[in-house]
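Okay, so here's the structure we're looking at.
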Amino acid sequence: MPISLRTIAMMAAAVLAAFSQAVAQEEQAQERFHKRHIPYRPDRPSIREQVTQKHANRRHHLQRHLSQLQSTISEHTSGRKLLSDEDYERHLKFVQGLHRKLAALEEKDPRIAQLEIEEEIEMHEKMLEGEFLWDMERGELVLKDDLQ
């Protein structure tokens, strides 16, 4: 059964209307402020506790990762579990990077570390208060003040 020109025109108009409505909704969505509505949850740690815990655990995670890589390298050198040459070199390079990161953590002044923690807490609070907007050109969240 052939489709009439009138049916094709009606279908095209319906598709065009749906597309224009979707574009209008997307434009409205971009104009709205980014605001998270998170109720107070006494069973979860506060932002301050979360950020402080993250910074406190960083050294432990780096040391654990370093010990895992070192055990993999020692298994390779003993011949128990051989790695490819590329993997072996990559593991050695990664171990050097972890040593560098651990040394930087050891040398960091506690006052500077505390300032970094406070700055991260402040950014989390700004995020929750909706002080960020999505910048289409950059493709990231930016402070409202930076856009003006």
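Numbering starts fresh at 1 for the residues of each chain in the structure tokens, the chains themselves are lettered A, B, ... in the order given, and ligands are numbered from 1 as they appear.
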query: Please, which residues of chain A, numbered as in this document, come out alpha helix (DSSP H) from DSSP, as a PyMOL selection string?
result: chain A and resi 5-31+47-78+85-107+110-128+144-147
Determine, counting only C-alpha atoms, which protein, DNA and RNA residues have an atom within 8 Å of an atom of stretch 67-73 of chain A; residues of the same chain fewer than 3 positions away are not included. Present the result as a JSON list (two decimals) with all heavy atoms, in the first residue's frame.
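Final output, part.json:
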```json
[["chain", "number", "residue", "atom", "x", "y", "z"],
["A", 63, "GLN", "N", 51.10, 2.92, 49.72],
["A", 63, "GLN", "CA", 51.99, 1.88, 50.22],
["A", 63, "GLN", "C", 51.48, 0.49, 49.86],
["A", 63, "GLN", "O", 52.27, -0.40, 49.50],
["A", 63, "GLN", "CB", 52.14, 2.00, 51.74],
["A", 63, "GLN", "CG", 52.96, 3.20, 52.15],
["A", 63, "GLN", "CD", 52.93, 3.44, 53.65],
["A", 63, "GLN", "OE1", 52.04, 2.96, 54.34],
["A", 63, "GLN", "NE2", 53.89, 4.21, 54.14],
["A", 64, "ARG", "N", 50.17, 0.29, 49.93],
["A", 64, "ARG", "CA", 49.61, -1.01, 49.58],
["A", 64, "ARG", "C", 49.82, -1.31, 48.10],
["A", 64, "ARG", "O", 50.22, -2.42, 47.73],
["A", 64, "ARG", "CB", 48.12, -1.04, 49.92],
["A", 64, "ARG", "CG", 47.52, -2.44, 49.77],
["A", 64, "ARG", "CD", 46.06, -2.45, 50.07],
["A", 64, "ARG", "NE", 45.40, -1.64, 49.04],
["A", 64, "ARG", "CZ", 44.23, -1.05, 49.19],
["A", 64, "ARG", "NH1", 43.57, -1.13, 50.32],
["A", 64, "ARG", "NH2", 43.70, -0.36, 48.22],
["A", 76, "HIS", "N", 58.42, -12.05, 39.32],
["A", 76, "HIS", "CA", 58.98, -12.09, 37.97],
["A", 76, "HIS", "C", 60.48, -12.39, 38.02],
["A", 76, "HIS", "O", 60.97, -13.23, 37.27],
["A", 76, "HIS", "CB", 58.74, -10.75, 37.25],
["A", 76, "HIS", "CG", 59.46, -10.63, 35.95],
["A", 76, "HIS", "ND1", 59.02, -11.24, 34.81],
["A", 76, "HIS", "CD2", 60.61, -9.98, 35.62],
["A", 76, "HIS", "CE1", 59.85, -10.97, 33.81],
["A", 76, "HIS", "NE2", 60.83, -10.20, 34.29],
["A", 77, "THR", "N", 61.20, -11.70, 38.91],
["A", 77, "THR", "CA", 62.65, -11.90, 38.97],
["A", 77, "THR", "C", 63.02, -13.29, 39.50],
["A", 77, "THR", "O", 64.05, -13.85, 39.11],
["A", 77, "THR", "CB", 63.32, -10.83, 39.86],
["A", 77, "THR", "OG1", 62.69, -10.81, 41.13],
["A", 77, "THR", "CG2", 63.21, -9.46, 39.21],
["A", 81, "LYS", "N", 56.40, -16.16, 38.28],
["A", 81, "LYS", "CA", 55.32, -15.64, 37.43],
["A", 81, "LYS", "C", 55.94, -14.59, 36.51],
["A", 81, "LYS", "O", 56.14, -13.44, 36.92],
["A", 81, "LYS", "CB", 54.21, -15.03, 38.28],
["A", 81, "LYS", "CG", 52.99, -14.64, 37.50],
["A", 81, "LYS", "CD", 51.90, -14.15, 38.42],
["A", 81, "LYS", "CE", 50.68, -13.73, 37.63],
["A", 81, "LYS", "NZ", 49.66, -13.16, 38.50],
["A", 88, "TYR", "N", 56.91, -5.62, 32.54],
["A", 88, "TYR", "CA", 57.97, -5.50, 33.55],
["A", 88, "TYR", "C", 58.48, -4.06, 33.61],
["A", 88, "TYR", "O", 58.61, -3.49, 34.70],
["A", 88, "TYR", "CB", 59.10, -6.47, 33.24],
["A", 88, "TYR", "CG", 60.23, -6.42, 34.23],
["A", 88, "TYR", "CD1", 60.07, -6.86, 35.54],
["A", 88, "TYR", "CD2", 61.48, -5.93, 33.86],
["A", 88, "TYR", "CE1", 61.10, -6.81, 36.45],
["A", 88, "TYR", "CE2", 62.51, -5.87, 34.76],
["A", 88, "TYR", "CZ", 62.32, -6.31, 36.05],
["A", 88, "TYR", "OH", 63.35, -6.26, 36.96],
["A", 91, "HIS", "N", 55.83, -1.81, 35.13],
["A", 91, "HIS", "CA", 55.76, -1.97, 36.59],
["A", 91, "HIS", "C", 56.91, -1.24, 37.27],
["A", 91, "HIS", "O", 56.72, -0.57, 38.30],
["A", 91, "HIS", "CB", 55.79, -3.45, 36.96],
["A", 91, "HIS", "CG", 54.46, -4.15, 36.83],
["A", 91, "HIS", "ND1", 53.78, -4.24, 35.65],
["A", 91, "HIS", "CD2", 53.71, -4.78, 37.75],
["A", 91, "HIS", "CE1", 52.66, -4.89, 35.84],
["A", 91, "HIS", "NE2", 52.58, -5.24, 37.12],
["A", 92, "LEU", "N", 58.12, -1.36, 36.71],
["A", 92, "LEU", "CA", 59.27, -0.67, 37.30],
["A", 92, "LEU", "C", 59.07, 0.85, 37.28],
["A", 92, "LEU", "O", 59.36, 1.54, 38.27],
["A", 92, "LEU", "CB", 60.56, -1.03, 36.56],
["A", 92, "LEU", "CG", 61.11, -2.43, 36.80],
["A", 92, "LEU", "CD1", 62.35, -2.66, 35.93],
["A", 92, "LEU", "CD2", 61.45, -2.63, 38.27],
["A", 95, "VAL", "N", 56.51, 1.80, 39.89],
["A", 95, "VAL", "CA", 57.08, 1.75, 41.24],
["A", 95, "VAL", "C", 57.86, 3.03, 41.52],
["A", 95, "VAL", "O", 57.77, 3.59, 42.62],
["A", 95, "VAL", "CB", 57.96, 0.49, 41.41],
["A", 95, "VAL", "CG1", 58.85, 0.59, 42.63],
["A", 95, "VAL", "CG2", 57.09, -0.75, 41.49]]
```
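Taking only C-alpha atoms into account, A:Lys101 lies nearest to A:Arg59 out of the set A:Arg138, A:Lys54, A:Arg80, A:Arg59.
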field: Selected residue, from A:Glu49, A:Leu143, A:Leu105, A:Pro110, that lies nearest to A:Leu62 when counting only C-alpha atoms
entry: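 Looking only at the distances to A:Leu62, the closest residue turns out to be A:Leu105.
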message: Rounded to one decimal, what separation in Å do you get between atom CA of A:Lys93 and atom CA of A:His61?
response: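 Interatomic distance, atom CA of A:Lys93 to atom CA of A:His61: 17.8 Å.
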- prompt: With distances taken over only C-alpha atoms, which of A:Leu82, A:Leu5, A:Ile47, A:Leu98 is nearest to A:Ile121?
  reply: A:Ile47
query: What does the distance from atom CA of A:Glu120 to atom CA of A:Arg58 come to in Å, to one decimal?
result: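 Distance between the two atoms: 14.7 Å.
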- line: Atom pair atom CA of A:Lys126 + atom CA of A:His55, distance 19.5 Å
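In the backbone-derived DSSP annotation, strand (DSSP E) within chain A comprises A:Phe132, A:Leu133, A:Trp134, A:Asp135, A:Glu140, A:Leu141, A:Val142, A:Leu143.
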